[in-house]
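Asks: Data file work_37.csv (CSV, C-alpha atoms) is appended below.
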```csv
chain,number,residue,atom,x,y,z
A,1,MET,CA,-30.1,28.0,58.4
A,2,ARG,CA,-29.7,24.2,57.9
A,3,LYS,CA,-32.2,24.3,55.0
A,4,ALA,CA,-30.3,27.2,53.3
A,5,TRP,CA,-27.0,25.3,53.7
A,6,SER,CA,-28.6,22.2,52.2
A,7,ILE,CA,-29.7,24.3,49.2
A,8,VAL,CA,-26.2,25.7,48.7
A,9,MET,CA,-24.6,22.2,48.9
A,10,LEU,CA,-27.1,20.9,46.4
A,11,ALA,CA,-26.3,23.7,44.0
A,12,LEU,CA,-22.6,23.1,44.3
A,13,TRP,CA,-23.1,19.3,43.7
A,14,CYS,CA,-25.2,20.0,40.6
A,15,THR,CA,-22.6,22.4,39.3
A,16,SER,CA,-19.8,19.9,39.8
A,17,LEU,CA,-21.9,17.2,38.2
A,18,VAL,CA,-22.4,19.3,35.0
A,19,GLY,CA,-18.7,20.1,35.0
A,20,CYS,CA,-17.8,16.4,35.3
A,21,ASN,CA,-20.2,15.5,32.5
A,22,GLN,CA,-18.7,18.1,30.2
A,23,MET,CA,-15.2,17.0,31.0
A,24,GLY,CA,-16.2,13.4,30.4
A,25,VAL,CA,-17.7,14.3,27.0
A,26,GLN,CA,-14.5,16.2,26.0
A,27,GLN,CA,-12.4,13.2,27.1
A,28,ASN,CA,-14.5,10.9,25.0
A,29,ALA,CA,-14.1,13.2,22.0
A,30,GLY,CA,-10.3,13.2,22.6
A,31,SER,CA,-10.3,9.4,22.8
A,32,ALA,CA,-12.3,9.2,19.6
A,33,PHE,CA,-9.8,11.4,17.8
A,34,GLU,CA,-6.9,9.3,19.0
A,35,GLN,CA,-8.6,6.2,17.6
A,36,ILE,CA,-9.4,7.9,14.3
A,37,ARG,CA,-5.8,9.1,14.1
A,38,ASP,CA,-4.3,5.7,14.8
A,39,ARG,CA,-6.6,3.8,12.5
A,40,PHE,CA,-6.1,6.3,9.6
A,41,MET,CA,-2.3,6.3,10.0
A,42,GLU,CA,-2.3,2.5,10.0
A,43,GLU,CA,-4.3,2.3,6.8
A,44,LYS,CA,-2.2,1.2,3.9
A,45,ALA,CA,-4.3,2.4,0.9
A,46,PHE,CA,-7.1,4.7,0.1
A,47,SER,CA,-8.2,7.3,-2.5
A,48,PHE,CA,-9.4,10.9,-1.8
A,49,HIS,CA,-10.6,14.0,-3.5
A,50,GLY,CA,-11.5,17.5,-2.4
A,51,ARG,CA,-12.0,21.1,-3.0
A,52,THR,CA,-11.1,24.5,-1.5
A,53,LYS,CA,-13.7,27.2,-1.3
A,54,LEU,CA,-12.5,30.8,-0.7
A,55,VAL,CA,-14.4,33.9,0.4
A,56,THR,CA,-12.5,37.2,0.6
A,57,GLY,CA,-14.6,40.3,1.3
A,58,ASP,CA,-17.4,40.2,-1.2
A,59,THR,CA,-15.6,37.9,-3.6
A,60,ALA,CA,-16.2,34.2,-3.5
A,61,TYR,CA,-14.4,31.5,-5.4
A,62,GLY,CA,-16.4,28.3,-5.5
A,63,ASN,CA,-13.5,26.0,-6.3
A,64,ALA,CA,-10.2,27.9,-5.7
A,65,VAL,CA,-8.3,24.6,-5.6
A,66,ASN,CA,-9.5,21.1,-6.5
A,67,PHE,CA,-7.4,18.0,-5.8
A,68,SER,CA,-7.6,14.2,-6.1
A,69,GLY,CA,-5.3,11.4,-5.4
A,70,ARG,CA,-4.5,8.0,-3.9
A,71,LYS,CA,-2.2,6.6,-1.4
A,72,GLU,CA,-0.6,3.2,-1.1
A,73,GLY,CA,2.0,2.5,1.6
A,74,ASP,CA,4.4,5.5,1.6
A,75,ASP,CA,3.6,6.4,-2.0
A,76,MET,CA,1.1,9.0,-3.1
A,77,LEU,CA,-0.2,10.3,-6.5
A,78,MET,CA,-2.0,13.6,-6.6
A,79,LYS,CA,-3.4,16.1,-9.1
A,80,VAL,CA,-4.0,19.7,-8.2
A,81,ASP,CA,-6.1,22.1,-10.2
A,82,VAL,CA,-5.7,25.8,-9.3
A,83,SER,CA,-8.3,28.3,-10.4
A,84,VAL,CA,-6.9,31.7,-11.5
A,85,PRO,CA,-10.0,33.9,-12.0
A,86,GLU,CA,-8.0,37.0,-12.9
A,87,GLN,CA,-6.5,35.2,-15.9
A,88,LYS,CA,-9.6,33.0,-16.5
A,89,GLN,CA,-7.3,30.0,-16.3
A,90,LEU,CA,-7.2,26.6,-14.6
A,91,LYS,CA,-3.6,25.5,-13.9
A,92,SER,CA,-2.9,21.8,-13.3
A,93,LEU,CA,0.0,20.0,-11.7
A,94,SER,CA,0.4,16.3,-10.9
A,95,LEU,CA,2.7,15.1,-8.2
A,96,LEU,CA,4.0,11.6,-7.6
A,97,LYS,CA,5.8,10.6,-4.4
A,98,LYS,CA,7.3,7.2,-5.0
A,99,ASN,CA,10.2,5.4,-3.2
A,100,GLN,CA,10.9,8.6,-1.2
A,101,GLN,CA,11.4,10.5,-4.5
A,102,LEU,CA,9.2,13.3,-5.8
A,103,TYR,CA,8.2,13.6,-9.5
A,104,VAL,CA,6.3,16.3,-11.2
A,105,LEU,CA,4.1,16.3,-14.3
A,106,SER,CA,3.4,19.9,-15.4
A,107,ASP,CA,0.2,20.9,-17.3
A,108,GLY,CA,0.5,19.8,-20.9
A,109,ALA,CA,3.7,17.7,-20.4
A,110,GLU,CA,3.8,14.0,-21.3
A,111,ASP,CA,6.6,12.8,-19.1
A,112,TRP,CA,7.3,12.9,-15.3
A,113,VAL,CA,10.3,15.0,-14.2
A,114,GLU,CA,12.3,14.2,-11.1
A,115,ALA,CA,12.2,17.1,-8.7
A,116,SER,CA,15.7,18.3,-7.8
A,117,GLY,CA,17.1,18.7,-4.3
A,118,GLY,CA,15.4,22.1,-4.1
A,119,ASP,CA,11.9,20.7,-4.4
A,120,THR,CA,10.6,22.7,-1.4
A,121,VAL,CA,7.7,24.3,-3.4
A,122,PHE,CA,6.4,21.0,-4.8
A,123,ARG,CA,6.6,19.3,-1.4
A,124,GLN,CA,4.7,22.2,0.1
A,125,GLU,CA,2.0,21.9,-2.6
A,126,LEU,CA,1.8,18.1,-1.9
A,127,ASN,CA,1.5,18.7,1.8
A,128,ASN,CA,-1.2,21.3,1.4
A,129,TRP,CA,-3.7,18.7,0.2
A,130,ASP,CA,-2.2,15.5,1.5
A,131,PRO,CA,-4.7,14.1,4.1
A,132,VAL,CA,-1.9,12.1,5.9
A,133,PHE,CA,0.1,15.3,6.4
A,134,ALA,CA,-3.1,17.1,7.5
A,135,MET,CA,-3.7,14.4,10.2
A,136,GLU,CA,-0.1,14.7,11.4
A,137,GLN,CA,-0.3,18.5,11.6
A,138,MET,CA,-3.7,18.3,13.3
A,139,ASN,CA,-2.3,16.0,15.9
A,140,GLU,CA,0.7,18.2,16.5
A,141,LEU,CA,-1.1,21.6,16.6
A,142,LYS,CA,-4.4,20.6,18.2
A,143,LYS,CA,-5.5,22.8,21.1
A,144,SER,CA,-8.7,21.0,22.0
A,145,VAL,CA,-11.1,18.3,20.7
A,146,LEU,CA,-14.8,18.7,21.1
A,147,PRO,CA,-17.8,16.5,20.3
A,148,LEU,CA,-20.5,17.3,17.8
A,149,ASN,CA,-24.1,16.4,18.4
A,150,ASP,CA,-25.3,13.5,16.2
A,151,ARG,CA,-28.7,14.5,14.9
A,152,ASN,CA,-29.1,11.2,13.0
A,153,GLN,CA,-28.8,8.3,15.4
A,154,GLU,CA,-29.7,5.8,12.7
A,155,ASP,CA,-26.6,6.2,10.5
A,156,ASP,CA,-23.0,5.1,11.3
A,157,ILE,CA,-21.5,8.5,11.0
A,158,GLU,CA,-20.2,10.5,14.0
A,159,ALA,CA,-18.0,13.6,14.2
A,160,VAL,CA,-15.5,15.4,16.3
A,161,ARG,CA,-14.2,19.0,16.1
A,162,VAL,CA,-10.4,19.7,16.4
A,163,ILE,CA,-9.4,23.3,17.2
A,164,LEU,CA,-5.8,24.2,16.2
A,165,ASP,CA,-3.6,26.4,18.3
A,166,SER,CA,-3.4,29.8,16.5
A,167,THR,CA,0.0,30.8,17.8
A,168,ARG,CA,1.6,27.6,16.7
A,169,LEU,CA,-0.2,27.6,13.4
A,170,LYS,CA,1.1,31.1,12.6
A,171,SER,CA,4.6,29.9,13.5
A,172,TRP,CA,4.1,27.0,11.1
A,173,LEU,CA,2.9,29.4,8.3
A,174,ALA,CA,5.9,31.6,8.9
A,175,ASP,CA,8.2,28.6,8.4
A,176,GLN,CA,6.4,27.7,5.2
A,177,MET,CA,6.8,31.2,3.8
A,178,LYS,CA,10.5,31.4,4.8
A,179,SER,CA,11.1,28.0,3.1
A,180,GLN,CA,9.7,29.5,-0.1
A,181,THR,CA,12.0,32.4,0.3
A,182,ARG,CA,15.0,30.2,0.6
A,183,ALA,CA,13.9,28.2,-2.4
A,184,THR,CA,13.6,31.4,-4.5
A,185,THR,CA,17.1,32.5,-3.4
A,186,GLN,CA,18.6,29.1,-4.2
A,187,SER,CA,17.1,29.1,-7.6
A,188,GLN,CA,18.9,32.2,-8.8
A,189,GLY,CA,21.6,31.2,-11.2
A,190,SER,CA,20.6,27.5,-11.2
A,191,PRO,CA,18.6,26.6,-14.4
A,192,LYS,CA,17.6,23.2,-12.8
A,193,LEU,CA,16.1,24.9,-9.7
A,194,GLN,CA,14.4,27.6,-11.7
A,195,VAL,CA,11.7,25.1,-12.5
A,196,GLU,CA,10.8,25.0,-8.9
A,197,ALA,CA,11.0,28.8,-8.7
A,198,LEU,CA,8.4,29.1,-11.4
A,199,HIS,CA,5.8,27.3,-9.3
A,200,GLN,CA,4.2,29.2,-6.5
A,201,PRO,CA,2.6,26.8,-4.0
A,202,ARG,CA,-0.7,27.8,-2.4
A,203,LEU,CA,-0.5,29.2,1.1
A,204,LYS,CA,-3.6,27.4,2.3
A,205,TYR,CA,-3.9,29.6,5.5
A,206,ALA,CA,-3.7,32.9,3.5
A,207,LEU,CA,-4.6,32.1,-0.1
A,208,ARG,CA,-4.5,35.6,-1.3
A,209,LEU,CA,-0.8,35.6,-0.5
A,210,SER,CA,-0.3,32.7,-2.9
A,211,ASP,CA,0.5,35.1,-5.8
A,212,GLY,CA,4.0,35.4,-4.2
A,213,ALA,CA,4.1,39.2,-4.3
A,214,TRP,CA,5.4,39.3,-0.7
A,215,ASN,CA,8.4,37.1,-1.9
A,216,ARG,CA,9.6,39.6,-4.4
A,217,PRO,CA,11.8,42.7,-4.0
A,218,ARG,CA,9.8,45.6,-2.7
A,219,SER,CA,11.2,48.2,-5.2
A,220,GLU,CA,11.9,48.2,-8.9
A,221,ALA,CA,15.5,49.1,-8.0
A,222,ALA,CA,16.0,45.8,-6.2
A,223,THR,CA,17.4,43.1,-8.4
A,224,VAL,CA,17.1,39.3,-8.1
A,225,GLN,CA,20.5,39.4,-6.4
A,226,SER,CA,19.1,41.7,-3.6
A,227,THR,CA,19.8,40.5,-0.1
A,228,GLU,CA,16.7,42.2,1.2
A,229,GLN,CA,14.5,39.6,2.9
A,230,PRO,CA,10.7,39.5,2.4
A,231,PRO,CA,8.8,40.8,5.4
A,232,VAL,CA,7.5,37.4,6.5
A,233,ASP,CA,7.7,38.1,10.3
A,234,GLU,CA,6.0,41.5,9.7
A,235,ILE,CA,3.1,39.8,7.8
A,236,ILE,CA,2.7,37.1,10.5
A,237,ASP,CA,2.9,39.5,13.4
A,238,GLN,CA,0.0,41.5,12.0
A,239,MET,CA,-2.0,38.4,11.1
A,240,GLU,CA,-5.0,36.9,12.8
A,241,LEU,CA,-5.4,33.2,12.1
A,242,GLU,CA,-7.8,30.6,13.3
A,243,ALA,CA,-8.4,27.1,12.0
A,244,GLU,CA,-10.3,23.9,12.9
A,245,TYR,CA,-11.1,20.5,11.5
A,246,THR,CA,-14.4,18.6,11.6
A,247,ILE,CA,-13.8,14.9,11.1
A,248,TYR,CA,-16.8,12.8,10.1
A,249,TYR,CA,-16.0,9.1,10.7
A,250,ASN,CA,-17.5,5.7,10.6
A,251,ARG,CA,-18.1,4.7,14.2
A,252,HIS,CA,-17.5,1.0,13.4
A,253,THR,CA,-14.2,1.3,11.5
A,254,MET,CA,-13.2,4.6,13.1
A,255,LEU,CA,-12.0,5.7,9.7
A,256,PRO,CA,-12.8,9.2,8.3
A,257,VAL,CA,-15.2,9.6,5.5
A,258,ASN,CA,-14.8,13.3,5.3
A,259,MET,CA,-12.5,16.0,6.8
A,260,THR,CA,-13.6,19.6,6.5
A,261,MET,CA,-11.1,22.4,7.5
A,262,ALA,CA,-12.4,25.9,8.2
A,263,ILE,CA,-9.8,28.7,8.2
A,264,ARG,CA,-10.4,32.3,9.2
A,265,SER,CA,-7.5,34.7,8.5
A,266,GLU,CA,-7.0,38.5,8.5
A,267,TYR,CA,-3.8,40.0,7.2
A,268,ASP,CA,-2.2,42.9,5.3
A,269,ALA,CA,-1.4,42.5,1.6
A,270,ASN,CA,-1.2,44.8,-1.4
A,271,ASP,CA,-1.7,47.9,0.9
A,272,GLN,CA,-5.0,46.6,2.2
A,273,ARG,CA,-6.4,44.5,5.0
A,274,ILE,CA,-7.6,41.1,3.7
A,275,ARG,CA,-10.3,39.2,5.5
A,276,GLU,CA,-10.5,35.6,4.3
A,277,TYR,CA,-12.5,32.5,5.0
A,278,THR,CA,-11.5,29.2,3.5
A,279,GLN,CA,-13.0,25.8,3.6
A,280,VAL,CA,-11.1,22.7,2.6
A,281,GLU,CA,-13.2,19.5,2.1
A,282,THR,CA,-11.6,16.1,1.7
A,283,PHE,CA,-13.6,13.0,1.0
A,284,PHE,CA,-12.3,9.4,1.4
A,285,GLN,CA,-13.1,6.1,-0.3
A,286,ASN,CA,-11.6,2.8,-1.4
A,287,TYR,CA,-9.9,2.0,1.9
A,288,GLY,CA,-7.6,-1.0,1.5
A,289,GLN,CA,-7.8,-1.1,-2.3
A,290,ARG,CA,-4.7,-1.4,-4.4
A,291,PHE,CA,-4.1,0.8,-7.5
A,292,SER,CA,-2.0,0.9,-10.6
A,293,TRP,CA,0.8,3.4,-10.6
A,294,PRO,CA,2.6,5.4,-13.3
A,295,GLU,CA,6.2,4.6,-13.9
A,296,PRO,CA,8.4,7.7,-14.2
A,297,GLY,CA,11.0,7.4,-16.9
A,298,GLN,CA,8.7,5.6,-19.3
A,299,ARG,CA,7.9,8.0,-22.1
A,300,GLY,CA,4.3,9.0,-22.2
A,301,ALA,CA,3.6,7.3,-18.9
A,302,GLY,CA,1.3,10.1,-17.9
A,303,THR,CA,-0.8,9.7,-14.7
A,304,GLY,CA,-2.6,6.5,-15.4
A,305,ALA,CA,-6.2,5.9,-16.0
A,306,GLY,CA,-8.4,9.0,-16.2
A,307,ALA,CA,-10.8,9.9,-13.4
A,308,GLY,CA,-12.7,12.8,-12.0
A,309,THR,CA,-12.5,14.1,-8.5
A,310,GLY,CA,-16.3,14.0,-7.8
A,311,ALA,CA,-15.8,17.5,-6.3
A,312,GLY,CA,-17.2,19.5,-9.1
A,313,ALA,CA,-13.8,20.2,-10.6
A,314,GLY,CA,-14.2,17.9,-13.6
A,315,THR,CA,-10.5,17.1,-13.4
A,316,ASP,CA,-9.4,14.0,-15.4
A,317,ALA,CA,-6.2,13.8,-13.5
A,318,GLY,CA,-5.7,10.1,-13.8
A,319,THR,CA,-5.5,9.7,-10.1
A,320,GLY,CA,-7.8,6.8,-10.0
A,321,VAL,CA,-10.5,8.5,-8.0
A,322,SER,CA,-14.0,7.7,-8.9
A,323,PRO,CA,-16.4,10.6,-9.3
A,324,GLY,CA,-19.2,11.1,-6.9
A,325,ALA,CA,-17.4,9.8,-3.9
A,326,GLY,CA,-17.9,11.0,-0.4
A,327,ALA,CA,-21.7,10.8,-0.3
A,328,GLY,CA,-23.3,10.3,3.0
A,329,THR,CA,-20.5,12.0,5.0
A,330,GLY,CA,-22.6,12.8,7.9
A,331,THR,CA,-23.2,16.5,7.3
A,332,ASN,CA,-26.2,16.2,9.5
A,333,GLN,CA,-23.9,16.9,12.4
A,334,GLN,CA,-24.0,20.3,14.1
```
Written as C-alpha cells, that's how I'd like the structure from this file.
Replies:
Amino acid sequence: MRKAWSIVMLALWCTSLVGCNQMGVQQNAGSAFEQIRDRFMEEKAFSFHGRTKLVTGDTAYGNAVNFSGRKEGDDMLMKVDVSVPEQKQLKSLSLLKKNQQLYVLSDGAEDWVEASGGDTVFRQELNNWDPVFAMEQMNELKKSVLPLNDRNQEDDIEAVRVILDSTRLKSWLADQMKSQTRATTQSQGSPKLQVEALHQPRLKYALRLSDGAWNRPRSEAATVQSTEQPPVDEIIDQMELEAEYTIYYNRHTMLPVNMTMAIRSEYDANDQRIREYTQVETFFQNYGQRFSWPEPGQRGAGTGAGAGTGAGAGTDAGTGVSPGAGAGTGTNQQ
C-alpha cells in the first residue's frame, strides 16, 4: 500500500511539474510579447513592406494586396496596390498621414488631396496595413501568447504566436463595416464626400466582402435615399472568424523583423457560403532611419523617390522602401 501511494504521489508531482513548466513557457512568451510591443511602439522611424495572399475555395490570389510605407514619429506614408483579377486591373492608392491630417493621392493623379472630415474609408485602408495599428489591435484583442520552437539556435531570430479573441474580433469587424455604411450615407448629396464613397477599403478579415455589395440596397427598387440598413449584424452573426499573428523578432533588440497574420473566415455572401484563408506578411527594415517626405500643396509633389516593395508587387510607390527587404526573417520557426 505504501509503495502504491508513493507511485501515485510521484505521478501527481510529475504532472504538476509539467504543468508548471508549460505555464512558465507561456509566461515567458507573454513577457517577450510585452517587450516587443513596448520597443516597437517606442521606435521613432522605420520602413516596411508587405503582401496579402488570399485563398478562397479553389481560387488563390498570390498578391491580393501589396503595400509599402515608412513611419517617422506620428507621420506615415503608404502606398497600397489592390489586385482586381475580375477586371484584370491593379488599383493603386497612396496615403499620407502628416501633422494629424490625412492626404490622398489617387492612381494617376499628380497632387495630394486633403481628405475631408468624412475620411473614414481612407483611414480604414491605412489601418488595414499600418503595422503600428496592427500592434495596438493585437495588444487589445489578444487571447493568448504562445512560444514557437526555435529550430536554428545560431541565428538571432525568435518568435511568438499571438492568438486573437474571435468574439471581440468579430465585434471589431462589425464596427468597421458599420462605419463604412455611415460614410456611404453621409456622402449622399455631398460632392466632397463622394470622393470617399467611391473608394471601398479592403475588409481584411473577409476580403471577398470588399466589393461592397453588402453595403448597397438589396433591391433595384431601393434608391440611394433608402433608409434600409445593410445586414451587417446578420453577416457577422453567421460568420466564423479566427486570426493569429506570428511575430519574428531579433532577440537582442526585441524589434520585429517580420509579422505574419493568418486569418480564417467563413461567411455568407452572394447567396453562397464563402470559406476564406488570408495571410498578411509585413517585413521591417531601416529602424531609426530618417526619410524625406512629400509636401502636400506643392504641385507635382508626388510621393517622393521611387522604390519597390520587395514583396513581389513591383510597386514604385515612392514610399522609400528598398526592394528585397525582410530576408532572414526566421521562417525556420515552427
Asks: Each residue of range 88-184 of chain A lying at most 12 Å from range 38-52 of chain A should get a row with its shortest atom-to-atom pair and the distance in Å to one decimal, counting all atoms listed in the file; could you produce that, ordered by chain and increasing number, as JSON lines?
Replies:
```
{"residue": "A:Asn128", "atom": "CA", "partner": "A:Thr52", "partner_atom": "CA", "distance": 10.8}
{"residue": "A:Trp129", "atom": "CA", "partner": "A:Gly50", "partner_atom": "CA", "distance": 8.3}
{"residue": "A:Asp130", "atom": "CA", "partner": "A:Phe48", "partner_atom": "CA", "distance": 9.2}
{"residue": "A:Pro131", "atom": "CA", "partner": "A:Phe48", "partner_atom": "CA", "distance": 8.2}
{"residue": "A:Val132", "atom": "CA", "partner": "A:Met41", "partner_atom": "CA", "distance": 7.1}
{"residue": "A:Phe133", "atom": "CA", "partner": "A:Met41", "partner_atom": "CA", "distance": 10.0}
{"residue": "A:Ala134", "atom": "CA", "partner": "A:Met41", "partner_atom": "CA", "distance": 11.1}
{"residue": "A:Met135", "atom": "CA", "partner": "A:Met41", "partner_atom": "CA", "distance": 8.2}
{"residue": "A:Glu136", "atom": "CA", "partner": "A:Met41", "partner_atom": "CA", "distance": 8.8}
{"residue": "A:Asn139", "atom": "CA", "partner": "A:Asp38", "partner_atom": "CA", "distance": 10.5}
```
Asks: Pick from A:Ala159, A:Ala262, A:Val113, A:Ile247: nearest to Phe283 in chain A, with only C-alpha atoms counted?
Replies: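 Among A:Ala159, A:Ala262, A:Val113, A:Ile247, it is A:Ile247 that comes nearest to Phe283 in chain A.
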Asks: For Ala29 in chain A, which residue out of A:Val84, A:Met177, A:Val65, A:Val160 is the nearest one, using all atoms listed in the file?
Replies: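 Among the listed residues, A:Val160 lies closest to Ala29 in chain A.
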Asks: CA of Arg123 in chain A to CA of Met259 in chain A: how many Å, to one decimal?
Replies: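 Pair CA of Arg123 in chain A / CA of Met259 in chain A returns 21.0 Å.
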Asks: Pick out the closest residue to Tyr205 in chain A from this set: A:Thr260, A:Ser292, A:Ser68, A:Ser265. Count only C-alpha atoms.
Replies: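 Answer, going by the shortest atom-to-atom distance: A:Ser265.
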Asks: For a test of reading the model, state the distance in Å between CA of Gln176 in chain A and CA of Arg161 in chain A, rounded to one decimal.
Replies: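 Going from CA of Gln176 in chain A over to CA of Arg161 in chain A, I get 24.9 Å.
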Asks: Please compute the CA of Arg275 in chain A-CA of Ser210 in chain A distance, one decimal, in Å.
Replies: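 For CA of Arg275 in chain A relative to CA of Ser210 in chain A, the distance reads 14.6 Å.
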Asks: Once you count all atoms listed in the file, which residues end up no further than 12 Å from (-2.9, 26.9, 4.3) in the file's frame, shown as a compact mmCIF listing (two decimals) with C-alpha atoms, in the frame of the given file?
Replies:
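Wrote point18.txt, looks like this:
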```txt
# COMPACT_ATOMS: atom_id res chain seq x y z
CA THR A 52 -11.10 24.50 -1.50
CA LEU A 54 -12.50 30.80 -0.70
CA VAL A 65 -8.30 24.60 -5.60
CA GLN A 124 4.70 22.20 0.10
CA GLU A 125 2.00 21.90 -2.60
CA LEU A 126 1.80 18.10 -1.90
CA ASN A 127 1.50 18.70 1.80
CA ASN A 128 -1.20 21.30 1.40
CA TRP A 129 -3.70 18.70 0.20
CA ASP A 130 -2.20 15.50 1.50
CA ALA A 134 -3.10 17.10 7.50
CA GLN A 137 -0.30 18.50 11.60
CA LEU A 169 -0.20 27.60 13.40
CA LYS A 170 1.10 31.10 12.60
CA TRP A 172 4.10 27.00 11.10
CA LEU A 173 2.90 29.40 8.30
CA ALA A 174 5.90 31.60 8.90
CA ASP A 175 8.20 28.60 8.40
CA GLN A 176 6.40 27.70 5.20
CA MET A 177 6.80 31.20 3.80
CA PRO A 201 2.60 26.80 -4.00
CA ARG A 202 -0.70 27.80 -2.40
CA LEU A 203 -0.50 29.20 1.10
CA LYS A 204 -3.60 27.40 2.30
CA TYR A 205 -3.90 29.60 5.50
CA ALA A 206 -3.70 32.90 3.50
CA LEU A 207 -4.60 32.10 -0.10
CA ARG A 208 -4.50 35.60 -1.30
CA LEU A 209 -0.80 35.60 -0.50
CA SER A 210 -0.30 32.70 -2.90
CA LEU A 241 -5.40 33.20 12.10
CA GLU A 242 -7.80 30.60 13.30
CA ALA A 243 -8.40 27.10 12.00
CA GLU A 244 -10.30 23.90 12.90
CA MET A 261 -11.10 22.40 7.50
CA ALA A 262 -12.40 25.90 8.20
CA ILE A 263 -9.80 28.70 8.20
CA ARG A 264 -10.40 32.30 9.20
CA SER A 265 -7.50 34.70 8.50
CA GLU A 276 -10.50 35.60 4.30
CA TYR A 277 -12.50 32.50 5.00
CA THR A 278 -11.50 29.20 3.50
CA GLN A 279 -13.00 25.80 3.60
CA VAL A 280 -11.10 22.70 2.60
```
